[in-house]
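Okay, structure first, notes after.
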Amino acid sequence: MDFDFSVISDNWRFLAEGVGVTLLLSLASGVASLAAGLVLALLRLRGPRWLRPPIVFYIDSMRAIPVLVVLVWTFFALPIVAGVTMSPFMAGLIGLTIHLAAYAAEIVRAGIESVRPGQTRAALALGMSRAQILRRIVLPQALVRMLPAFGSLLSVTIKDTAIASVIAVPELMRRSETVAGQSFQPIEVYTSAMLVYFVLLYPVTRGVDRFYRRVAHLGRS
Amino acid sequence: MSAGASARAKASGTKAIRYLDVVKRYGGFTALAGVSLDVHAGEVVCLIGPSGSGKSTLLRCTNGLEKIDGGDIEFEGARLGRDERALRAMRQRMGMVFQNFELFPHLTAEQNVAEGPRTVLRTGIAEAKRRAAAMLAKVGLADKATSYPSALSGGQQQRVAIARALAMEPDVMLFDEPTSALDPETIGEVLNVMKVLADEGMTMVVVTHEMSFARRVGDWVAVFDSGRIVEEGPPEQIFELPATTRTRDFLSHLSWNA
Amino acid sequence: MTFDWSVVWRYRDALALGTATTFLLTIATMAIAVPCGIVVASLRLYGAAPVRTLATAYVELFRNLPLILVVYWAFYVLPIVTGVGLSAFATGLAALALNVTAYNAETFRAGINSIRRGQLEAALALGMTRTQALRRIVVPQALRRVLPVLASTWVSLFKDTSLVSVIAVGELAYVSMQARAQTFRVLEMLTAMAAIYWLLGYPQAKLVDWIERRYAVTE
């Protein structure tokens with residue numbers, strides 16, 4: 001049982017590009033799902049009543065359907081229905097965003113609802129408008145409280161990009177499969193991939209922890 | 001009455017607890033800076049003083065919940081056990097009542113009181129239940145035996161906590177600010193139970209802010225400040241003729257009615 | 001463009017079998033991962049220093065790896081390590097169990113730590129041994145807190161079983177995609193797959209909500 005890791009150094013550029021795609025996809029879908037989640041949560045909490053049931057239905061549905069299924073459906077079935085063609089990366093981005101935005105919306109909602117009502121009452125007593133209260137008093141506190149959950153979601157996002165390999169997005173997982181298949185050295189390749197993912201993910205969770213500890217007092221009322 | 005009992009105990013020399021130059025540190029902070037105090041059998045010793053002065057710390061060192069860094073604590077003539085088994089044996093003879101009651105929420109009042117005899121003393125379920133019923137009756141809560149802590153008021157919970165400690169038939173009862181977390185209306189019912197215990201001759205060490213209790217029920221009062229005892233003596237002396245400025249300062253900041 | 005939804009009906013047996021396999025994987029994984037999670041959590045909390053480090057390393061490792069990668073890796077490594085050729089099902093089960101055990105260990109550890117220290121102290125003050133105090137006072141309370149999280153983990157696991165399709169385990173996702181390949185009915189089969197997961201997952205998600213409400217802890 002001897003291992004030859006030269007397969008990694010031989011293919012490092014190919015694999016490094018994969019890491020780049022992983023990072024790009026994570027960032028893009030992270031930002032997109034955050035924005036979408038924020039909008040959805042605000043619409044649900046403060047928007048017109050008739051919007052609430054569909055939003056809740058969407059959020060609960062994303063809790064029920066696996067990411068794999070969403071990605072596969074987006075890449076293979078959506079073009080048929082919508083008549084568009086899209087690259088694997090695009091499909092991956094759209095699919096991940098659709099799935100993650102639901103979780104982001106829940107995090108935002110929980111964060112906003114966790115701010116004590118006394119805060120709103122105090123702001124009203126000062127004569128602030130509802131919009132001002134949301135923007136200046138509630139959201140800032142809520143955002144701090146949401147940080148740990150968002151850190152967790154970022155971690156999940158990065159892990160989910162690996163599932164996009166199934167629809168041929170050229171990220172690290174997919175590229176590792178390619179190299180492993182060509183070189184017949186799956187153990188070395190996949191072990192290296194594990195190392196890269198761990199190095200990517202571990203600081204994310206630890207970093208969020210540490211950052212949150214520094215700012216937690218800002219969210220405590 | 002209490003002064004007489006105290007004098008008697010002093011004369012016979014039975015020391016239930018001896019604190020000998022006890023030191024306790026938390027990192028750089030010294031909570032106890034050499035505390036010496038004797039607690040005689042049958043005595044009610046009240047520890048008073050500002051928050052953070054070390055009273056609760058001393059109590060928690062008494063039954064080994066905290067380990068001391070210097071000095072000694074003697075319980076019934078023997079040094080406080082260093083190993084867990086000896087410590088456990090001593091804990092069985094000491095009862096502790098906590099500020100937050102710390103009743104076990106997943107057990108009924110009766111089960112809470114029976115838990116000690118059943119699990120620690122291994123008396124068997126029948127005997128444990130018998131003791132539980134007796135102790136609950138003693139604190140006036142026989143009708144609440146099957147209630148869960150969440151259904152009881154603060155005062156009731158604390159009385160159950162006292163019953164739980166009593167069910168172990170301890171030689172000494174340690175009270176860590178037993179009424180500090182209670183609404184004013186319920187403080188009285190807990191202090192009444194404690195007075196009954198005192199009248200029966202139980203040795204008690206009480207950390208408290210209830211000065212009227214210390215005055216009427218206490219045999220001996222020790223005033224703490226910054227990890228030391230600045231003054232000690234019978235309650236009449238401490239409350240009427242405090243000797244040190246520190247004590248006078250502390251008492252003047254309290255609003256208490258004798 | 002015509003859609004032929006009858007393929008879904010024609011493949012109903014395969015889909016049913018796939019669904020059953022999904023359930024089997026979920027149940028089997030939890031059956032392993034709950035006791036193992038308790039063990040690892042205990043090692044982390046009460047073990048000797050080197051054991052604690054090992055347990056923590058295990059938990060941190062599997063919480064920071066994509067599950068799909070673990071599945072692939074298990075597929076190639078496990079036969080070499082164990083010396084036996086494991087079926088795809090067993091490999092998938094192993095990967096899932098390794099992953100969920102790590103999460104459960106964290107859940108149990110947090111649950112035990114969330115019980116106020118005063119409870120442990122009150123038990124010790126009565127003269128209980130540490131083991132007695134844990135067994136009779138701390139753990140029963142911790143279980144209440146842990147239940148909603150375990151329920152949530154169950155639902156996530158149910159979805160994650162779809163990932164073992166990549167090593168050809170015959171659960172719902174694999175069966176659906178095989179059917180798609182055979183019939184070329186892409187939209188119909190993929191939509192059916194999504195719908196079945198939805199039908200199974202939605203009630204489970206709602207059940208988790210109910211459990212969370214019922215076992216909510218108010219201090």
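Residue numbering restarts at 1 in every chain; chains get A, B, ... in the order shown in the structure tokens, and ligands count up from 1 in that same order.
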Give me the chain C side of the contact with chain B, cut-off 8 Å, one line per residue showing its nearest atom pair and distance in Å at one decimal, counting only C-alpha atoms, sorted by chain and residue number, as a Markdown table.
| residue | atom | partner | partner_atom | distance |
| --- | --- | --- | --- | --- |
| C:Gly118 | CA | B:Glu102 | CA | 6.2 |
| C:Gln119 | CA | B:Glu102 | CA | 5.7 |
| C:Glu121 | CA | B:Leu65 | CA | 7.0 |
| C:Ala122 | CA | B:Glu102 | CA | 6.3 |
| C:Leu124 | CA | B:Arg88 | CA | 7.8 |
| C:Ala125 | CA | B:Arg91 | CA | 5.9 |
| C:Leu126 | CA | B:Gly116 | CA | 5.9 |
| C:Gly127 | CA | B:Arg88 | CA | 4.8 |
| C:Met128 | CA | B:Val120 | CA | 5.5 |
| C:Thr129 | CA | B:Arg88 | CA | 7.4 |
| C:Gln132 | CA | B:Thr119 | CA | 7.7 |
| C:Ile137 | CA | B:Phe104 | CA | 6.8 |
| C:Pro140 | CA | B:His106 | CA | 7.6 |
| C:Gln141 | CA | B:His106 | CA | 6.9 |
Minimum-distance residue to Ile65 (chain A), chosen among C:Glu188, C:Asp160, C:Asp209, C:Glu171 (using only C-alpha atoms):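 Of the candidates, the smallest distance to Ile65 (chain A) is held by C:Asp160.
You will find CA of Gly127 (chain A) at 23.9 Å from CA of Gly111 (chain A).
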Would you list the contacts of region 245-255 of chain B as an MDAnalysis selection string, taking every protein, DNA or RNA residue within 8 Å and counting only C-alpha atoms, but skipping same-chain residues closer than 5 positions in sequence? chainID B and resid 49:50 223 225 230:231 238:239
At a cut-off of 7 Å, list the chain A residues touching chain C, using only C-alpha atoms, as a CSV table (one decimal) with all heavy atoms, in the first residue's frame.
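File produced: selection-v1.csv:
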chain,number,residue,atom,x,y,z
A,60,ASP,N,-40.5,26.0,3.3
A,60,ASP,CA,-40.7,24.7,3.8
A,60,ASP,C,-40.4,23.6,2.7
A,60,ASP,O,-39.9,22.5,3.0
A,60,ASP,CB,-42.1,24.5,4.3
A,60,ASP,CG,-42.4,25.1,5.6
A,60,ASP,OD1,-41.4,25.3,6.3
A,60,ASP,OD2,-43.5,25.5,5.9
A,61,SER,N,-40.6,23.9,1.5
A,61,SER,CA,-40.3,23.0,0.4
A,61,SER,C,-38.8,22.8,0.3
A,61,SER,O,-38.4,21.7,0.1
A,61,SER,CB,-40.9,23.5,-0.9
A,61,SER,OG,-42.3,23.6,-0.9
A,63,ARG,N,-36.8,22.9,2.6
A,63,ARG,CA,-36.4,22.0,3.7
A,63,ARG,C,-36.6,20.6,3.4
A,63,ARG,O,-36.0,19.7,4.0
A,63,ARG,CB,-37.1,22.4,5.0
A,63,ARG,CG,-36.7,23.7,5.6
A,63,ARG,CD,-37.7,24.1,6.6
A,63,ARG,NE,-37.6,23.3,7.8
A,63,ARG,CZ,-38.5,23.2,8.8
A,63,ARG,NH1,-39.6,23.9,8.7
A,63,ARG,NH2,-38.4,22.4,9.8
A,64,ALA,N,-37.5,20.3,2.4
A,64,ALA,CA,-37.9,18.9,2.2
A,64,ALA,C,-37.1,18.3,1.0
A,64,ALA,O,-36.9,17.1,1.0
A,64,ALA,CB,-39.4,18.9,1.9
A,65,ILE,N,-36.7,19.1,0.1
A,65,ILE,CA,-36.1,18.6,-1.1
A,65,ILE,C,-34.5,18.7,-1.0
A,65,ILE,O,-34.0,19.8,-0.7
A,65,ILE,CB,-36.5,19.4,-2.4
A,65,ILE,CG1,-38.1,19.3,-2.4
A,65,ILE,CG2,-35.9,18.8,-3.6
A,65,ILE,CD1,-38.7,20.1,-3.6
A,66,PRO,N,-33.8,17.6,-1.4
A,66,PRO,CA,-32.4,17.7,-1.3
A,66,PRO,C,-31.7,18.6,-2.3
A,66,PRO,O,-32.3,18.9,-3.4
A,66,PRO,CB,-32.0,16.2,-1.6
A,66,PRO,CG,-33.2,15.4,-1.4
A,66,PRO,CD,-34.3,16.3,-1.7
A,68,LEU,N,-29.2,18.1,-4.1
A,68,LEU,CA,-28.9,17.3,-5.3
A,68,LEU,C,-30.1,17.4,-6.3
A,68,LEU,O,-29.9,17.6,-7.5
A,68,LEU,CB,-28.6,15.9,-5.0
A,68,LEU,CG,-28.3,14.9,-6.1
A,68,LEU,CD1,-27.0,15.2,-6.7
A,68,LEU,CD2,-28.4,13.5,-5.6
A,69,VAL,N,-31.2,17.2,-5.8
A,69,VAL,CA,-32.4,17.2,-6.6
A,69,VAL,C,-32.7,18.6,-7.2
A,69,VAL,O,-33.0,18.7,-8.4
A,69,VAL,CB,-33.7,16.7,-5.8
A,69,VAL,CG1,-34.9,16.8,-6.6
A,69,VAL,CG2,-33.4,15.3,-5.3
A,73,TRP,N,-32.5,19.1,-11.2
A,73,TRP,CA,-33.7,19.6,-11.9
A,73,TRP,C,-33.4,20.9,-12.6
A,73,TRP,O,-33.9,21.2,-13.7
A,73,TRP,CB,-34.8,19.8,-10.9
A,73,TRP,CG,-36.2,19.9,-11.5
A,73,TRP,CD1,-37.1,18.9,-11.7
A,73,TRP,CD2,-36.8,21.1,-12.0
A,73,TRP,NE1,-38.2,19.4,-12.3
A,73,TRP,CE2,-38.1,20.7,-12.5
A,73,TRP,CE3,-36.5,22.4,-12.0
A,73,TRP,CZ2,-39.0,21.6,-13.1
A,73,TRP,CZ3,-37.4,23.4,-12.6
A,73,TRP,CH2,-38.6,22.9,-13.1
A,76,PHE,N,-31.2,20.1,-15.8
A,76,PHE,CA,-31.8,19.2,-16.9
A,76,PHE,C,-33.2,19.6,-17.2
A,76,PHE,O,-33.6,19.5,-18.4
A,76,PHE,CB,-31.7,17.8,-16.5
A,76,PHE,CG,-30.3,17.2,-16.4
A,76,PHE,CD1,-29.7,16.9,-15.2
A,76,PHE,CD2,-29.6,17.0,-17.5
A,76,PHE,CE1,-28.4,16.4,-15.1
A,76,PHE,CE2,-28.3,16.5,-17.5
A,76,PHE,CZ,-27.7,16.2,-16.3
A,77,ALA,N,-34.0,19.9,-16.2
A,77,ALA,CA,-35.4,20.1,-16.5
A,77,ALA,C,-35.8,21.5,-16.8
A,77,ALA,O,-36.7,21.8,-17.6
A,77,ALA,CB,-36.2,19.5,-15.3
A,159,LYS,N,-19.8,23.5,1.2
A,159,LYS,CA,-19.9,22.1,1.1
A,159,LYS,C,-20.9,21.7,-0.1
A,159,LYS,O,-20.7,20.7,-0.8
A,159,LYS,CB,-20.4,21.5,2.4
A,159,LYS,CG,-19.4,21.4,3.5
A,159,LYS,CD,-19.9,20.6,4.7
A,159,LYS,CE,-20.0,21.6,5.8
A,159,LYS,NZ,-20.5,20.8,7.0
A,162,ALA,N,-19.8,21.3,-3.8
A,162,ALA,CA,-19.2,20.0,-4.2
A,162,ALA,C,-20.3,19.1,-4.8
A,162,ALA,O,-20.0,18.3,-5.7
A,162,ALA,CB,-18.6,19.3,-2.9
A,163,ILE,N,-21.5,19.3,-4.4
A,163,ILE,CA,-22.6,18.5,-5.0
A,163,ILE,C,-22.8,19.0,-6.4
A,163,ILE,O,-23.3,18.2,-7.3
A,163,ILE,CB,-23.9,18.7,-4.2
A,163,ILE,CG1,-23.6,18.3,-2.7
A,163,ILE,CG2,-25.0,17.8,-4.8
A,163,ILE,CD1,-24.8,18.4,-1.8
A,186,PRO,N,-7.3,7.1,-7.0
A,186,PRO,CA,-8.4,7.8,-6.3
A,186,PRO,C,-8.1,8.2,-4.9
A,186,PRO,O,-8.5,9.3,-4.4
A,186,PRO,CB,-9.6,6.9,-6.4
A,186,PRO,CG,-9.0,5.5,-6.5
A,186,PRO,CD,-7.8,5.7,-7.3
A,187,ILE,N,-7.3,7.4,-4.2
A,187,ILE,CA,-7.1,7.6,-2.8
A,187,ILE,C,-6.3,8.9,-2.6
A,187,ILE,O,-6.6,9.8,-1.8
A,187,ILE,CB,-6.4,6.4,-2.1
A,187,ILE,CG1,-7.3,5.2,-2.2
A,187,ILE,CG2,-6.0,6.8,-0.7
A,187,ILE,CD1,-6.7,4.0,-1.4
A,190,TYR,N,-8.5,12.0,-3.8
A,190,TYR,CA,-9.6,12.4,-2.9
A,190,TYR,C,-9.1,12.8,-1.5
A,190,TYR,O,-9.7,13.7,-0.9
A,190,TYR,CB,-10.6,11.2,-2.8
A,190,TYR,CG,-11.4,11.0,-4.0
A,190,TYR,CD1,-11.5,9.8,-4.7
A,190,TYR,CD2,-12.1,12.1,-4.6
A,190,TYR,CE1,-12.3,9.6,-5.8
A,190,TYR,CE2,-12.8,11.9,-5.8
A,190,TYR,CZ,-12.9,10.7,-6.4
A,190,TYR,OH,-13.7,10.6,-7.5
A,194,MET,N,-9.9,16.3,0.2
A,194,MET,CA,-10.4,16.4,1.6
A,194,MET,C,-9.6,17.5,2.4
A,194,MET,O,-10.1,18.3,3.1
A,194,MET,CB,-10.3,15.1,2.4
A,194,MET,CG,-11.4,14.1,2.1
A,194,MET,SD,-11.0,12.6,3.0
A,194,MET,CE,-12.6,12.3,3.7
A,197,TYR,N,-10.6,21.0,1.2
A,197,TYR,CA,-11.9,21.4,1.7
A,197,TYR,C,-11.8,21.7,3.2
A,197,TYR,O,-12.4,22.7,3.7
A,197,TYR,CB,-13.0,20.4,1.5
A,197,TYR,CG,-13.6,20.4,0.1
A,197,TYR,CD1,-13.4,19.5,-0.8
A,197,TYR,CD2,-14.5,21.5,-0.2
A,197,TYR,CE1,-14.0,19.6,-2.1
A,197,TYR,CE2,-15.1,21.6,-1.4
A,197,TYR,CZ,-14.8,20.6,-2.4
A,197,TYR,OH,-15.4,20.7,-3.6
A,198,PHE,N,-11.1,20.9,3.9
A,198,PHE,CA,-10.9,21.1,5.4
A,198,PHE,C,-10.3,22.5,5.6
A,198,PHE,O,-10.7,23.3,6.5
A,198,PHE,CB,-10.1,20.0,6.0
A,198,PHE,CG,-10.1,20.1,7.5
A,198,PHE,CD1,-11.2,19.7,8.3
A,198,PHE,CD2,-9.0,20.7,8.2
A,198,PHE,CE1,-11.2,19.9,9.7
A,198,PHE,CE2,-9.0,20.8,9.5
A,198,PHE,CZ,-10.0,20.4,10.3
A,201,LEU,N,-12.8,25.1,5.0
A,201,LEU,CA,-14.0,25.2,5.8
A,201,LEU,C,-13.7,25.5,7.3
A,201,LEU,O,-14.4,26.3,8.0
A,201,LEU,CB,-14.8,23.9,5.8
A,201,LEU,CG,-15.6,23.7,4.5
A,201,LEU,CD1,-16.0,22.3,4.3
A,201,LEU,CD2,-16.8,24.6,4.5
A,202,TYR,N,-12.6,24.9,7.8
A,202,TYR,CA,-12.3,25.1,9.2
A,202,TYR,C,-12.2,26.5,9.7
A,202,TYR,O,-12.8,26.9,10.6
A,202,TYR,CB,-11.1,24.2,9.6
A,202,TYR,CG,-10.8,24.2,11.1
A,202,TYR,CD1,-11.6,23.4,11.9
A,202,TYR,CD2,-9.8,24.9,11.6
A,202,TYR,CE1,-11.4,23.3,13.3
A,202,TYR,CE2,-9.5,24.8,13.0
A,202,TYR,CZ,-10.3,24.0,13.8
A,202,TYR,OH,-10.1,23.9,15.1
Can you list every residue in region 47-210 of chain B that DSSP puts in alpha helix (DSSP H), as a ChimeraX atom specification? /B:55-62,84-91,109-115,125-138,154-166,184-199
